[in-house]
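Pasted below: model_6.cif, mmCIF, C-alpha atoms.
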data_input
#
loop_
_atom_site.group_PDB
_atom_site.id
_atom_site.type_symbol
_atom_site.label_atom_id
_atom_site.label_comp_id
_atom_site.auth_asym_id
_atom_site.auth_seq_id
_atom_site.Cartn_x
_atom_site.Cartn_y
_atom_site.Cartn_z
ATOM 1 C CA MET A 1 36.022 40.616 24.504
ATOM 2 C CA PHE A 2 38.731 38.439 26.090
ATOM 3 C CA ILE A 3 37.022 35.236 25.029
ATOM 4 C CA THR A 4 36.900 36.418 21.426
ATOM 5 C CA TYR A 5 40.692 36.477 21.184
ATOM 6 C CA ILE A 6 41.485 33.407 23.284
ATOM 7 C CA ARG A 7 39.133 30.639 22.284
ATOM 8 C CA GLU A 8 36.522 30.039 19.610
ATOM 9 C CA LYS A 9 33.278 28.819 21.136
ATOM 10 C CA SER A 10 30.154 27.293 19.569
ATOM 11 C CA MET A 11 28.538 28.947 16.554
ATOM 12 C CA ALA A 12 25.579 29.998 18.666
ATOM 13 C CA PHE A 13 27.881 31.576 21.246
ATOM 14 C CA ARG A 14 29.657 33.546 18.499
ATOM 15 C CA PHE A 15 26.252 34.806 17.379
ATOM 16 C CA LEU A 16 25.623 36.099 20.914
ATOM 17 C CA ILE A 17 28.970 37.907 21.004
ATOM 18 C CA ALA A 18 28.276 39.417 17.570
ATOM 19 C CA LEU A 19 24.842 40.557 18.636
ATOM 20 C CA ALA A 20 26.240 42.105 21.801
ATOM 21 C CA ALA A 21 28.767 43.967 19.656
ATOM 22 C CA VAL A 22 25.979 45.365 17.484
ATOM 23 C CA VAL A 23 24.462 47.085 20.505
ATOM 24 C CA MET A 24 27.769 48.026 22.109
ATOM 25 C CA PHE A 25 29.033 49.865 19.041
ATOM 26 C CA ALA A 26 25.731 51.105 17.635
ATOM 27 C CA ALA A 27 25.626 54.694 16.464
ATOM 28 C CA PRO A 28 22.337 56.604 16.284
ATOM 29 C CA VAL A 29 20.521 55.714 13.066
ATOM 30 C CA ARG A 30 17.546 57.651 11.798
ATOM 31 C CA ALA A 31 15.273 54.622 11.614
ATOM 32 C CA GLU A 32 12.304 56.609 10.351
ATOM 33 C CA LEU A 33 14.281 57.488 7.205
ATOM 34 C CA LEU A 34 15.684 54.013 6.623
ATOM 35 C CA VAL A 35 13.045 51.535 7.687
ATOM 36 C CA ASN A 36 11.003 51.850 4.462
ATOM 37 C CA LYS A 37 13.964 51.843 2.114
ATOM 38 C CA ILE A 38 14.615 48.491 0.472
ATOM 39 C CA ALA A 39 18.158 47.144 0.180
ATOM 40 C CA ALA A 40 17.168 43.907 -1.552
ATOM 41 C CA VAL A 41 14.291 41.567 -2.303
ATOM 42 C CA VAL A 42 15.071 37.848 -1.999
ATOM 43 C CA ASN A 43 12.441 35.630 -3.618
ATOM 44 C CA GLY A 44 9.865 38.212 -2.616
ATOM 45 C CA GLU A 45 11.244 38.711 0.925
ATOM 46 C CA ILE A 46 12.359 42.261 1.724
ATOM 47 C CA VAL A 47 15.650 43.310 3.371
ATOM 48 C CA THR A 48 15.393 46.920 4.580
ATOM 49 C CA LEU A 49 18.299 49.328 4.527
ATOM 50 C CA TYR A 50 17.791 49.942 8.238
ATOM 51 C CA ASP A 51 18.190 46.242 9.093
ATOM 52 C CA LEU A 52 21.226 46.000 6.834
ATOM 53 C CA LYS A 53 22.973 48.937 8.499
ATOM 54 C CA GLN A 54 22.287 47.517 11.954
ATOM 55 C CA LEU A 55 23.838 44.189 10.958
ATOM 56 C CA ALA A 56 26.832 45.983 9.433
ATOM 57 C CA ILE A 57 27.695 47.988 12.574
ATOM 58 C CA PRO A 58 30.481 45.632 13.833
ATOM 59 C CA GLU A 59 32.256 45.771 10.457
ATOM 60 C CA LEU A 60 31.804 49.519 10.163
ATOM 61 C CA LYS A 61 33.243 49.917 13.661
ATOM 62 C CA LYS A 62 36.212 47.704 12.855
ATOM 63 C CA ALA A 63 36.962 49.733 9.719
ATOM 64 C CA GLY A 64 36.676 53.034 11.610
ATOM 65 C CA VAL A 65 33.811 54.332 9.429
ATOM 66 C CA LEU A 66 30.866 54.080 11.826
ATOM 67 C CA ASP A 67 30.432 57.854 12.152
ATOM 68 C CA PRO A 68 27.564 59.189 9.971
ATOM 69 C CA LYS A 69 30.007 61.491 8.192
ATOM 70 C CA TYR A 70 31.338 58.441 6.340
ATOM 71 C CA ALA A 71 27.869 57.314 5.216
ATOM 72 C CA GLU A 72 28.529 57.921 1.519
ATOM 73 C CA SER A 73 32.143 56.782 1.470
ATOM 74 C CA PRO A 74 33.271 53.939 -0.839
ATOM 75 C CA LYS A 75 34.420 51.944 2.218
ATOM 76 C CA VAL A 76 30.974 52.030 3.811
ATOM 77 C CA LYS A 77 29.321 51.051 0.546
ATOM 78 C CA SER A 78 31.742 48.157 0.141
ATOM 79 C CA ILE A 79 31.024 46.899 3.677
ATOM 80 C CA LEU A 80 27.261 47.199 3.169
ATOM 81 C CA ASN A 81 27.497 45.195 -0.050
ATOM 82 C CA THR A 82 29.545 42.489 1.677
ATOM 83 C CA VAL A 83 27.115 42.238 4.583
ATOM 84 C CA LEU A 84 24.174 42.233 2.181
ATOM 85 C CA GLU A 85 25.622 39.198 0.392
ATOM 86 C CA LYS A 86 25.684 37.348 3.713
ATOM 87 C CA VAL A 87 22.115 38.422 4.509
ATOM 88 C CA VAL A 88 20.910 37.246 1.096
ATOM 89 C CA ALA A 89 22.643 33.891 1.574
ATOM 90 C CA GLU A 90 20.997 33.492 4.984
ATOM 91 C CA LYS A 91 17.574 34.348 3.595
ATOM 92 C CA LEU A 92 18.021 31.748 0.857
ATOM 93 C CA PHE A 93 18.995 28.883 3.108
ATOM 94 C CA LEU A 94 16.213 29.718 5.585
ATOM 95 C CA GLN A 95 13.746 29.673 2.720
ATOM 96 C CA ASP A 96 15.158 26.342 1.556
ATOM 97 C CA ALA A 97 14.967 24.978 5.109
ATOM 98 C CA GLU A 98 11.279 25.898 5.214
ATOM 99 C CA ARG A 99 10.668 24.141 1.901
ATOM 100 C CA ARG A 100 12.386 21.025 3.242
ATOM 101 C CA GLY A 101 10.424 21.089 6.484
ATOM 102 C CA VAL A 102 13.440 21.786 8.715
ATOM 103 C CA THR A 103 12.111 23.021 12.041
ATOM 104 C CA VAL A 104 13.502 23.877 15.469
ATOM 105 C CA GLU A 105 11.580 23.361 18.682
ATOM 106 C CA GLU A 106 11.495 26.039 21.364
ATOM 107 C CA SER A 107 12.959 23.524 23.824
ATOM 108 C CA GLU A 108 16.012 23.081 21.567
ATOM 109 C CA ILE A 109 16.632 26.812 21.526
ATOM 110 C CA GLU A 110 16.279 26.985 25.301
ATOM 111 C CA ASN A 111 18.746 24.104 25.674
ATOM 112 C CA GLU A 112 21.259 25.885 23.447
ATOM 113 C CA LEU A 113 20.864 29.082 25.452
ATOM 114 C CA ARG A 114 21.402 27.057 28.609
ATOM 115 C CA LYS A 115 24.665 25.652 27.196
ATOM 116 C CA MET A 116 25.777 29.159 26.271
ATOM 117 C CA ALA A 117 25.010 30.336 29.797
ATOM 118 C CA GLN A 118 26.994 27.465 31.307
ATOM 119 C CA GLN A 119 29.973 28.365 29.122
ATOM 120 C CA ARG A 120 29.879 31.810 30.743
ATOM 121 C CA GLY A 121 29.434 30.386 34.241
ATOM 122 C CA MET A 122 25.823 31.560 34.509
ATOM 123 C CA THR A 123 22.368 30.164 35.020
ATOM 124 C CA LEU A 124 19.962 30.525 32.106
ATOM 125 C CA GLU A 125 17.991 33.138 34.001
ATOM 126 C CA LYS A 126 21.118 35.188 34.694
ATOM 127 C CA ALA A 127 22.182 34.957 31.046
ATOM 128 C CA LYS A 128 18.799 36.266 29.949
ATOM 129 C CA GLU A 129 19.186 39.186 32.350
ATOM 130 C CA GLN A 130 22.572 39.988 30.841
ATOM 131 C CA ILE A 131 21.161 39.814 27.316
ATOM 132 C CA VAL A 132 18.640 42.493 28.273
ATOM 133 C CA ASN A 133 21.306 44.539 30.086
ATOM 134 C CA GLU A 134 23.394 44.542 26.884
ATOM 135 C CA GLY A 135 20.499 46.190 25.071
ATOM 136 C CA LEU A 136 19.432 43.041 23.244
ATOM 137 C CA THR A 137 16.191 41.108 23.460
ATOM 138 C CA VAL A 138 15.923 37.482 24.487
ATOM 139 C CA GLU A 139 13.682 36.828 21.495
ATOM 140 C CA GLY A 140 16.258 38.379 19.184
ATOM 141 C CA VAL A 141 19.028 36.157 20.527
ATOM 142 C CA LYS A 142 16.750 33.138 20.307
ATOM 143 C CA GLU A 143 16.162 33.906 16.645
ATOM 144 C CA ARG A 144 19.914 33.923 15.971
ATOM 145 C CA VAL A 145 20.296 30.639 17.847
ATOM 146 C CA LYS A 146 17.456 29.195 15.776
ATOM 147 C CA VAL A 147 19.181 30.268 12.553
ATOM 148 C CA SER A 148 22.394 28.649 13.766
ATOM 149 C CA ILE A 149 20.652 25.335 14.497
ATOM 150 C CA ILE A 150 18.875 25.363 11.122
ATOM 151 C CA ARG A 151 22.149 26.055 9.347
ATOM 152 C CA GLN A 152 23.794 23.102 11.058
ATOM 153 C CA ARG A 153 20.922 20.836 10.072
ATOM 154 C CA LEU A 154 21.094 21.968 6.476
ATOM 155 C CA LEU A 155 24.820 21.281 6.530
ATOM 156 C CA GLY A 156 24.105 17.746 7.652
ATOM 157 C CA MET A 157 21.305 17.175 5.169
ATOM 158 C CA MET A 158 22.853 18.734 2.080
ATOM 159 C CA VAL A 159 26.591 18.245 2.423
ATOM 160 C CA GLY A 160 27.381 16.272 5.598
ATOM 161 C CA ARG A 161 27.386 12.856 3.965
ATOM 162 C CA LYS A 162 29.751 14.072 1.259
ATOM 163 C CA VAL A 163 32.518 14.825 3.771
ATOM 164 C CA VAL A 164 34.484 11.767 4.890
ATOM 165 C CA ILE A 165 37.375 11.942 7.377
ATOM 166 C CA THR A 166 39.671 8.909 7.384
ATOM 167 C CA LYS A 167 41.428 7.319 10.359
ATOM 168 C CA GLU A 168 44.754 8.122 8.690
ATOM 169 C CA GLU A 169 43.890 11.829 8.587
ATOM 170 C CA ILE A 170 42.932 11.788 12.247
ATOM 171 C CA GLN A 171 46.190 10.035 13.173
ATOM 172 C CA ARG A 172 48.278 12.513 11.161
ATOM 173 C CA PHE A 173 46.558 15.531 12.728
ATOM 174 C CA TYR A 174 47.127 14.083 16.190
ATOM 175 C CA GLU A 175 50.841 13.602 15.559
ATOM 176 C CA GLU A 176 51.238 17.121 14.152
ATOM 177 C CA HIS A 177 49.232 18.919 16.869
ATOM 178 C CA LYS A 178 50.009 17.068 20.070
ATOM 179 C CA ALA A 179 50.444 20.303 22.002
ATOM 180 C CA GLU A 180 46.702 20.937 21.613
ATOM 181 C CA PHE A 181 45.882 17.723 23.444
ATOM 182 C CA GLU A 182 47.830 18.220 26.663
ATOM 183 C CA ALA A 183 45.371 17.564 29.471
ATOM 184 C CA ASP A 184 46.878 19.986 31.979
ATOM 185 C CA GLY A 185 49.397 22.056 30.007
ATOM 186 C CA LYS A 186 49.568 25.786 30.681
ATOM 187 C CA VAL A 187 50.863 28.923 29.014
ATOM 188 C CA GLU A 188 51.421 32.332 30.600
ATOM 189 C CA VAL A 189 51.150 35.114 28.029
ATOM 190 C CA SER A 190 50.564 38.771 27.310
ATOM 191 C CA LEU A 191 48.733 39.921 24.198
ATOM 192 C CA LEU A 192 48.800 42.987 21.948
ATOM 193 C CA ILE A 193 45.815 43.265 19.595
ATOM 194 C CA PHE A 194 46.286 45.833 16.839
ATOM 195 C CA ASP A 195 43.782 48.336 15.580
ATOM 196 C CA PRO A 196 42.947 47.463 11.933
ATOM 197 C CA VAL A 197 44.656 50.642 10.688
ATOM 198 C CA ALA A 198 47.849 50.238 12.745
ATOM 199 C CA ASP A 199 51.253 49.776 11.087
ATOM 200 C CA VAL A 200 52.011 46.381 12.615
ATOM 201 C CA THR A 201 55.380 45.972 10.918
ATOM 202 C CA GLU A 202 56.644 49.270 12.299
ATOM 203 C CA VAL A 203 55.599 48.335 15.840
ATOM 204 C CA ARG A 204 57.287 44.933 15.552
ATOM 205 C CA ASN A 205 60.473 46.631 14.316
ATOM 206 C CA GLU A 206 60.420 49.032 17.274
ATOM 207 C CA LEU A 207 60.196 46.072 19.630
ATOM 208 C CA SER A 208 63.001 44.214 17.875
ATOM 209 C CA ALA A 209 65.225 47.285 18.042
ATOM 210 C CA GLY A 210 64.533 47.732 21.765
ATOM 211 C CA LYS A 211 63.031 51.180 21.222
ATOM 212 C CA ILE A 212 59.932 50.220 23.186
ATOM 213 C CA SER A 213 59.028 47.467 25.640
ATOM 214 C CA PHE A 214 56.191 45.068 24.957
ATOM 215 C CA GLU A 215 54.194 46.521 27.847
ATOM 216 C CA GLU A 216 54.687 50.061 26.518
ATOM 217 C CA ALA A 217 53.624 48.923 23.056
ATOM 218 C CA VAL A 218 50.461 47.385 24.491
ATOM 219 C CA GLN A 219 49.526 50.588 26.294
ATOM 220 C CA LYS A 220 50.230 52.647 23.183
ATOM 221 C CA TYR A 221 48.822 50.465 20.403
ATOM 222 C CA SER A 222 46.607 47.662 21.732
ATOM 223 C CA VAL A 223 42.834 47.570 21.409
ATOM 224 C CA GLY A 224 42.679 44.204 23.182
ATOM 225 C CA PRO A 225 42.191 42.953 26.746
ATOM 226 C CA GLY A 226 44.375 43.865 29.734
ATOM 227 C CA LYS A 227 45.726 47.044 28.168
ATOM 228 C CA GLU A 228 46.505 48.698 31.508
ATOM 229 C CA GLN A 229 48.295 45.532 32.650
ATOM 230 C CA GLY A 230 50.541 45.432 29.597
ATOM 231 C CA GLY A 231 48.268 42.900 27.908
ATOM 232 C CA TYR A 232 48.898 40.304 30.617
ATOM 233 C CA LEU A 233 46.362 37.480 30.402
ATOM 234 C CA GLY A 234 47.771 35.310 33.157
ATOM 235 C CA GLU A 235 48.314 31.567 33.114
ATOM 236 C CA LEU A 236 45.914 29.797 30.780
ATOM 237 C CA GLY A 237 45.125 26.132 30.329
ATOM 238 C CA VAL A 238 46.127 24.818 26.905
ATOM 239 C CA LYS A 239 42.511 23.810 26.296
ATOM 240 C CA ASP A 240 41.491 27.462 26.717
ATOM 241 C CA VAL A 241 43.943 28.774 24.131
ATOM 242 C CA SER A 242 43.131 28.978 20.429
ATOM 243 C CA PRO A 243 45.170 26.653 18.170
ATOM 244 C CA LYS A 244 46.695 29.656 16.381
ATOM 245 C CA MET A 245 47.980 31.167 19.598
ATOM 246 C CA LEU A 246 49.237 27.797 20.786
ATOM 247 C CA ALA A 247 51.074 27.220 17.506
ATOM 248 C CA ALA A 248 52.644 30.680 17.754
ATOM 249 C CA VAL A 249 54.136 30.084 21.223
ATOM 250 C CA GLN A 250 55.098 26.450 20.609
ATOM 251 C CA GLU A 251 58.744 27.142 19.686
ATOM 252 C CA MET A 252 59.136 30.455 21.514
ATOM 253 C CA LYS A 253 61.494 31.002 24.429
ATOM 254 C CA ASN A 254 60.260 32.452 27.709
ATOM 255 C CA GLY A 255 60.285 36.244 27.561
ATOM 256 C CA SER A 256 60.263 36.419 23.757
ATOM 257 C CA VAL A 257 57.712 38.103 21.505
ATOM 258 C CA SER A 258 56.127 36.406 18.510
ATOM 259 C CA ASP A 259 56.033 37.591 14.936
ATOM 260 C CA VAL A 260 52.755 39.197 13.898
ATOM 261 C CA VAL A 261 50.004 36.552 13.973
ATOM 262 C CA SER A 262 46.348 36.549 12.949
ATOM 263 C CA LEU A 263 43.865 35.858 15.736
ATOM 264 C CA GLY A 264 40.399 35.843 14.285
ATOM 265 C CA SER A 265 40.164 38.958 12.117
ATOM 266 C CA SER A 266 42.823 40.852 14.094
ATOM 267 C CA LYS A 267 46.609 41.092 13.913
ATOM 268 C CA ALA A 268 48.420 40.479 17.175
ATOM 269 C CA LEU A 269 51.713 40.012 18.996
ATOM 270 C CA ILE A 270 52.142 37.503 21.805
ATOM 271 C CA LYS A 271 54.681 37.618 24.615
ATOM 272 C CA LEU A 272 55.387 34.245 26.214
ATOM 273 C CA HIS A 273 56.213 34.353 29.919
ATOM 274 C CA SER A 274 56.214 30.603 30.534
ATOM 275 C CA ARG A 275 54.955 27.328 29.152
ATOM 276 C CA THR A 276 54.309 24.162 31.157
ATOM 277 C CA LYS A 277 53.802 20.920 29.288
ATOM 278 C CA GLY A 278 51.064 18.605 30.520
ATOM 279 C CA SER A 279 50.163 14.953 30.108
ATOM 280 C CA LEU A 280 49.112 13.940 26.611
ATOM 281 C CA ARG A 281 45.586 12.669 26.044
ATOM 282 C CA SER A 282 45.420 9.489 23.980
ATOM 283 C CA LEU A 283 44.320 9.373 20.368
ATOM 284 C CA ASP A 284 41.197 7.440 21.348
ATOM 285 C CA GLU A 285 40.224 10.212 23.762
ATOM 286 C CA VAL A 286 40.497 12.970 21.177
ATOM 287 C CA ALA A 287 39.587 11.210 17.924
ATOM 288 C CA GLN A 288 36.072 12.665 17.764
ATOM 289 C CA GLU A 289 37.372 16.131 18.601
ATOM 290 C CA ILE A 290 39.929 15.891 15.775
ATOM 291 C CA GLU A 291 37.329 14.608 13.335
ATOM 292 C CA ALA A 292 35.143 17.639 14.101
ATOM 293 C CA LYS A 293 38.101 19.993 13.532
ATOM 294 C CA LEU A 294 38.884 18.410 10.168
ATOM 295 C CA ARG A 295 35.266 18.201 9.093
ATOM 296 C CA ALA A 296 34.331 21.851 9.769
ATOM 297 C CA PRO A 297 36.266 23.582 6.932
ATOM 298 C CA ARG A 298 35.225 20.923 4.426
ATOM 299 C CA LEU A 299 31.611 21.309 5.414
ATOM 300 C CA GLU A 300 31.936 25.052 4.926
ATOM 301 C CA ALA A 301 33.400 24.593 1.444
ATOM 302 C CA SER A 302 30.585 22.206 0.471
ATOM 303 C CA PHE A 303 28.028 24.527 2.011
ATOM 304 C CA LYS A 304 29.303 27.386 -0.143
ATOM 305 C CA GLU A 305 28.692 25.286 -3.249
ATOM 306 C CA TYR A 306 25.178 24.537 -2.018
ATOM 307 C CA ALA A 307 24.610 28.251 -1.288
ATOM 308 C CA GLU A 308 25.772 29.172 -4.793
ATOM 309 C CA LYS A 309 23.217 26.780 -6.280
ATOM 310 C CA LEU A 310 20.490 28.383 -4.189
ATOM 311 C CA ARG A 311 21.569 31.829 -5.401
ATOM 312 C CA ASN A 312 21.644 30.757 -9.042
ATOM 313 C CA ASN A 313 18.070 29.487 -8.788
ATOM 314 C CA ALA A 314 16.763 32.485 -6.838
ATOM 315 C CA VAL A 315 15.237 35.815 -7.818
ATOM 316 C CA VAL A 316 17.350 38.426 -6.036
ATOM 317 C CA ASP A 317 16.799 42.128 -6.637
ATOM 318 C CA VAL A 318 19.592 44.212 -5.052
ATOM 319 C CA ARG A 319 18.748 47.915 -4.746
ATOM 320 C CA LEU A 320 21.725 49.412 -2.907
#
Show this structure as structure tokens.
Amino acid sequence: MFITYIREKSMAFRFLIALAAVVMFAAPVRAELLVNKIAAVVNGEIVTLYDLKQLAIPELKKAGVLDPKYAESPKVKSILNTVLEKVVAEKLFLQDAERRGVTVEESEIENELRKMAQQRGMTLEKAKEQIVNEGLTVEGVKERVKVSIIRQRLLGMMVGRKVVITKEEIQRFYEEHKAEFEADGKVEVSLLIFDPVADVTEVRNELSAGKISFEEAVQKYSVGPGKEQGGYLGELGVKDVSPKMLAAVQEMKNGSVSDVVSLGSSKALIKLHSRTKGSLRSLDEVAQEIEAKLRAPRLEASFKEYAEKLRNNAVVDVRL
């Protein structure tokens, strides 16, 4: 879970983490009662209620409504509807990819898995063992990787050429985010990740008033890494810290605690122990990296427009 809060990895890697979470947090589901129930039909392709509930487990867990006693609650129904919209969108772009002849070779999937393994300091064989140990199947993970690759190709085909990043934009981003491009900079931090239902303002006020230490607050309220160590994450290289966390500690003094920040989908507090500035990489060295950062959200926006067109031209029968 540590990597989830600290640094965003490749899309395929995030799929692996999400899939691991599905198994980790899965509650018993009476598959025999759900497998034949239909949640939606997308251009003739069926989405079962059982599959939908399995995909929704991480969100149900996060909202605290995973227990079967909440099955008929408005919150659960809302989450299922949200997840179903994502499933329908995925079905539509996979169907469109098939129509356009977009394919993925087995060797490409294996190469992506190998990259994912290297990011975790493993061989491919060891990563496959861990996938099985986490209750997943290698074929299941491969399928998610395949979907990720297809999605990226559709992005390139349908919207990639519409997104242009200028040299001026790259230069401006570089000047405004130089801290992200320190070759050997380091930060030493502790982290408090809040439960979604926690009163974050009240906890921050307690800290400000000196009623509780940061370490005590972590042990009492955190659902994040290093809880027993007061949330201490150690000394991290700047390149291993998410831009949001780096921005939060940029103007902080050693020993101070940040305001409430959003890290991924969670609210958090950061305590800065120390920050060491490193040498700055040149603009030429990081230009492609910056271009990718700037391009990603624009691609997503264009992809949403493309997805909406697919939906408008599709026959979708939702039966929830």
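What separates CA of Asp96 in chain A from CA of Leu320 in chain A is a distance of 24.4 Å.
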**Request:** Run through the PyMOL selection byres ((chain A and resi 287) around 12) on the given coordinates and return the selected residues as a ChimeraX atom specification.
**Result:** /A:165-175,181,281-286,288-294
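Checking A:Pro225, A:Gly210, A:Gly264, A:Gly156 one by one against Arg295 in chain A, counting only C-alpha atoms, you find the shortest gap at A:Gly156.
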**Message:** Which residues are near Gln95 in chain A? Cut-off 12 Å, all atoms listed in the file, ignore same chain within fewer than 2 positions. Put them as a PyMOL selection string.
**Reply:** chain A and resi 42-45+88-93+97-103+147+150-151+154+307+310-311+314
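Separating CA of Glu112 in chain A from CA of Asn133 in chain A is a distance of 19.8 Å.
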Could you work out an axis-aligned bounding box for all listed atoms of range 91-100 of chain A, with 4 Å added on each of the six sides, and give its centre and edge lengths in Å to one decimal, as JSON?
{"center_x": 14.8, "center_y": 27.7, "center_z": 3.2, "size_x": 16.3, "size_y": 21.3, "size_z": 12.7}
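Minimum atom-to-atom distances from A:Ala248, A:Val104, A:Val164, A:Ile131 to Ala117 in chain A were compared using all atoms listed in the file, and the lowest value belongs to A:Ile131.
Between Lys86 in chain A and the candidates A:Val138, A:Lys115, A:Leu52, A:Met245, the tightest atom-to-atom separation, counting all atoms listed in the file, involves A:Leu52.
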Picked residues, the PyMOL selection byres ((chain A and resi 253) around 9), as an mmCIF file with C-alpha atoms, keeping the file's coordinate frame:
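Final output, expr_35.cif:
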data_model
loop_
_atom_site.group_PDB
_atom_site.id
_atom_site.type_symbol
_atom_site.label_atom_id
_atom_site.label_comp_id
_atom_site.auth_asym_id
_atom_site.auth_seq_id
_atom_site.Cartn_x
_atom_site.Cartn_y
_atom_site.Cartn_z
ATOM 1 C CA VAL A 249 54.136 30.084 21.223
ATOM 2 C CA GLN A 250 55.098 26.450 20.609
ATOM 3 C CA GLU A 251 58.744 27.142 19.686
ATOM 4 C CA MET A 252 59.136 30.455 21.514
ATOM 5 C CA ASN A 254 60.260 32.452 27.709
ATOM 6 C CA GLY A 255 60.285 36.244 27.561
ATOM 7 C CA SER A 256 60.263 36.419 23.757
ATOM 8 C CA VAL A 257 57.712 38.103 21.505
ATOM 9 C CA LEU A 272 55.387 34.245 26.214
ATOM 10 C CA HIS A 273 56.213 34.353 29.919
ATOM 11 C CA SER A 274 56.214 30.603 30.534
ATOM 12 C CA ARG A 275 54.955 27.328 29.152
#
**Prompt:** What separation in Å, quoted to one decimal, exists between CA of Gln229 in chain A and CA of Met122 in chain A?
**Reply:** 26.5 Å
**Message:** I'd like to know which of A:Val260, A:Val163, A:Ala247, A:Ala296 is closest to Glu202 in chain A, using all atoms listed in the file.
**Reply:** A:Val260
**Request:** Pick out the residues sitting within 10 Å of Ala127 in chain A, and hand them over as JSON, numbers by chain; count all atoms listed in the file, and ignore anything fewer than 2 positions along from it in its own chain.
**Result:** {"A": [113, 114, 116, 117, 118, 120, 121, 122, 123, 124, 125, 129, 130, 131, 132, 133, 138]}
**Message:** Which residues, named as in the file, does the PyMOL selection byres ((chain A and resi 190) around 12) pick out? Answer as a count of residues only.
**Reply:** 42
**Close residues, Ala179 in chain A itself excluded, 9 Å, all atoms listed in the file, min 2 positions apart in chain, as a PyMOL selection string** = chain A and resi 176-177+181-182+185+238+246-247+250+277-278+280
Any chance you could export the current selection's C-alpha atoms as an mmCIF file, in the coordinates of the input?
data_model
loop_
_atom_site.group_PDB
_atom_site.id
_atom_site.type_symbol
_atom_site.label_atom_id
_atom_site.label_comp_id
_atom_site.auth_asym_id
_atom_site.auth_seq_id
_atom_site.Cartn_x
_atom_site.Cartn_y
_atom_site.Cartn_z
ATOM 1 C CA GLU A 176 51.238 17.121 14.152
ATOM 2 C CA HIS A 177 49.232 18.919 16.869
ATOM 3 C CA PHE A 181 45.882 17.723 23.444
ATOM 4 C CA GLU A 182 47.830 18.220 26.663
ATOM 5 C CA GLY A 185 49.397 22.056 30.007
ATOM 6 C CA VAL A 238 46.127 24.818 26.905
ATOM 7 C CA LEU A 246 49.237 27.797 20.786
ATOM 8 C CA ALA A 247 51.074 27.220 17.506
ATOM 9 C CA GLN A 250 55.098 26.450 20.609
ATOM 10 C CA LYS A 277 53.802 20.920 29.288
ATOM 11 C CA GLY A 278 51.064 18.605 30.520
ATOM 12 C CA LEU A 280 49.112 13.940 26.611
#
